[in-house]
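Everything below concerns the one structure shown next.
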Amino acid sequence: VQTCALPICYSAGIHTNHGITAALYSFPALMKRNLMKGTVTPHRYGLPSVLKELGYHNMFFLTHESQYDNMNAFFRTNGYDAVYAQEDYPIGERVNAFGVSDHYLFDYGLQRINEAARSNKPWMATLLTISNHPPYVIPDWFKPHSQDGELQIVEYADWCIGDFLRKARRQQWYQNTLFVIMADHGKIVGQVDSELPESYNHIPLVIFGPGVKPHITDRLATQIDLMPTVLGLMGVGYDFDGFGVNLLKTRRSQVFYTADDQVAARDRGGRFLYVPATGQAFREGKPATSHNDLQQYVFSMIQTAEYIMRRQHDE
């Protein structure tokens with residue numbers, strides 16, 4: 001990777017559906033709520049919608065079956081032209097309940113991407129991997145260096161991404177493509193350090209490709225910032241009702257995120273946690289008894305998101 005930007009990034013929530021709606025549609029997670037489900041499939045305006053309006057062919061690739069979390073209906077309702085899932089792959093390639101392995105997903109995705117590229121129509125491809133979610137399955141031919149199962153699966157997942165990029169570099173479209181590598185959420189690593197462990201929301205974000213100046217940034221970021229940042233790099237104008245900012249033009253002083261039963265906000269000085277069910281509040285692990293700027297910030301953001309959800313439901 002020769003050109004990249006790596007901010008200090010946090011996931012919007014702790015589930016895959018949170019990461020998808022935040023990264024692609026710039027809408028924050030609302031605790032336990034799955035924003036991809038509803039009596040009627042929710043409508044969201046985001047990165048796929050903008051690019052579709054510009055004539056892009058948008059593809060989403062899953063390892064598992066397409067109806068998981070209502071993904072097929074949600075993506076096709078919200079800007080994607082094609083959804084490739086377990087139903088499209090040979091039965092013999094399925095390795096567990098989550099479908100096919102990462103290396104198969106990337107190879108299959110590369111074939112479909114090359115087909116789209118030959119049409120001379122612009123395209124966007126989103127690939128959702130899941131190999132590092134238990135139960136872990138590592139191909140017999142892959143030889144990890146670590147003896148630890150959790151580290152081995154990370155080695156395999158990293159290798160699959162690298163292998164895809166090595167193969168992509170040989171394609172004509174590579175030099176005209178913007179790449180994003182981002183996690184849907186984190187996981188508990190090491191000792192639990194608080195009611196909501198930092199590692200559960202602290203995630204990687206790498207953006208590289210033409211027009212991205214090589215650098216590592218210390219700016220705060222969350223998944224909701226991906227859409228405006230990517231479209232900013234592309235020089236694309238768009239209507240926007242999301243919550244994110246273009247990270248290359250705006251420096252965040254605060255970020256916010258949630259878990260199933262908690263909301264959180266962070267700045268350079270620390271973190272604020274609130275548990276709505278009990279009314280408990282914590283600042284850096286200690287009880288917080290008075291209002292503060294982080295509390296006001298996260299409360300206002302969550303209330304605004306709830307208002308937008310109600311307004312859209314009424315419409």
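We label chains A, B, ... in the order they appear in the structure tokens, count residues from 1 in each chain, and number ligands from 1 in the order shown.
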
Review point. As a VMD selection string, which residues of segment 40-184 of chain A does DSSP assign to alpha helix (DSSP H)?
Key: chain A and resid 47 to 53 71 to 77 102 to 118 149 to 168

Proximity check segment 164-218 of chain A to segment 97-118 of chain A, 10 Å, nearest pairs one decimal Å, only C-alpha atoms, as a tab-separated table:
```
residue	atom	partner	partner_atom	distance
A:Phe164	CA	A:Phe106	CA	6.1
A:Leu165	CA	A:Phe106	CA	9.5
A:Lys167	CA	A:Leu110	CA	8.4
A:Ala168	CA	A:Leu110	CA	7.5
A:Gln171	CA	A:Asn114	CA	8.0
A:Gln172	CA	A:Ala117	CA	8.8
A:Trp173	CA	A:Ala117	CA	7.0
```

Those same residues, written as a PDB file, in the first residue's frame with N, CA and C atoms?
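See result.pdb below for the written result:
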```
ATOM      1  N   PHE A 164      -5.828 -10.556  -2.494  1.00  0.00           N
ATOM      2  CA  PHE A 164      -6.767  -9.861  -3.378  1.00  0.00           C
ATOM      3  C   PHE A 164      -6.120  -8.619  -3.982  1.00  0.00           C
ATOM      4  N   LEU A 165      -5.413  -7.848  -3.165  1.00  0.00           N
ATOM      5  CA  LEU A 165      -4.786  -6.631  -3.668  1.00  0.00           C
ATOM      6  C   LEU A 165      -3.662  -6.949  -4.659  1.00  0.00           C
ATOM      7  N   LYS A 167      -3.568  -9.470  -6.693  1.00  0.00           N
ATOM      8  CA  LYS A 167      -4.235  -9.829  -7.944  1.00  0.00           C
ATOM      9  C   LYS A 167      -4.884  -8.606  -8.595  1.00  0.00           C
ATOM     10  N   ALA A 168      -5.428  -7.722  -7.769  1.00  0.00           N
ATOM     11  CA  ALA A 168      -6.072  -6.517  -8.305  1.00  0.00           C
ATOM     12  C   ALA A 168      -5.062  -5.611  -8.993  1.00  0.00           C
ATOM     13  N   GLN A 171      -4.758  -5.757 -12.687  1.00  0.00           N
ATOM     14  CA  GLN A 171      -5.913  -5.383 -13.505  1.00  0.00           C
ATOM     15  C   GLN A 171      -5.782  -3.927 -13.971  1.00  0.00           C
ATOM     16  N   GLN A 172      -6.320  -3.651 -15.158  1.00  0.00           N
ATOM     17  CA  GLN A 172      -6.223  -2.292 -15.693  1.00  0.00           C
ATOM     18  C   GLN A 172      -6.946  -1.268 -14.825  1.00  0.00           C
ATOM     19  N   TRP A 173      -8.005  -1.702 -14.149  1.00  0.00           N
ATOM     20  CA  TRP A 173      -8.801  -0.753 -13.370  1.00  0.00           C
ATOM     21  C   TRP A 173      -8.137  -0.339 -12.061  1.00  0.00           C
TER      22      TRP A 173
END
```

Review point. Which residue out of A:His15, A:Glu53, A:Ser26, A:Gly190 has the minimum interatomic distance to Asn246 of chain A when only C-alpha atoms are used?
Key: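 Ranked by minimum distance to Asn246 of chain A, first place goes to A:Ser26.
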
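Each of A:Ala85, A:Ala259, A:Leu205, A:Met31 was checked against Cys9 of chain A using only C-alpha atoms; the smallest atom-to-atom distance is that of A:Leu205.
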
Check your understanding: If you run DSSP on this backbone, which residues of segment 146-197 of chain A come out as strand (DSSP E), and could you give them as a PyMOL selection string?
Key -> chain A and resi 179-182

Export, as an mmCIF file, in the first residue's frame, the selected residues with C-alpha atoms.
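Done, and the output landed in out_22.cif:
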```cif
data_model
loop_
_atom_site.group_PDB
_atom_site.id
_atom_site.type_symbol
_atom_site.label_atom_id
_atom_site.label_comp_id
_atom_site.auth_asym_id
_atom_site.auth_seq_id
_atom_site.Cartn_x
_atom_site.Cartn_y
_atom_site.Cartn_z
ATOM 1 C CA PHE A 179 -9.772 1.244 -1.873
ATOM 2 C CA VAL A 180 -11.114 1.249 1.678
ATOM 3 C CA ILE A 181 -10.300 -1.321 4.362
ATOM 4 C CA MET A 182 -12.488 -0.989 7.452
#
```
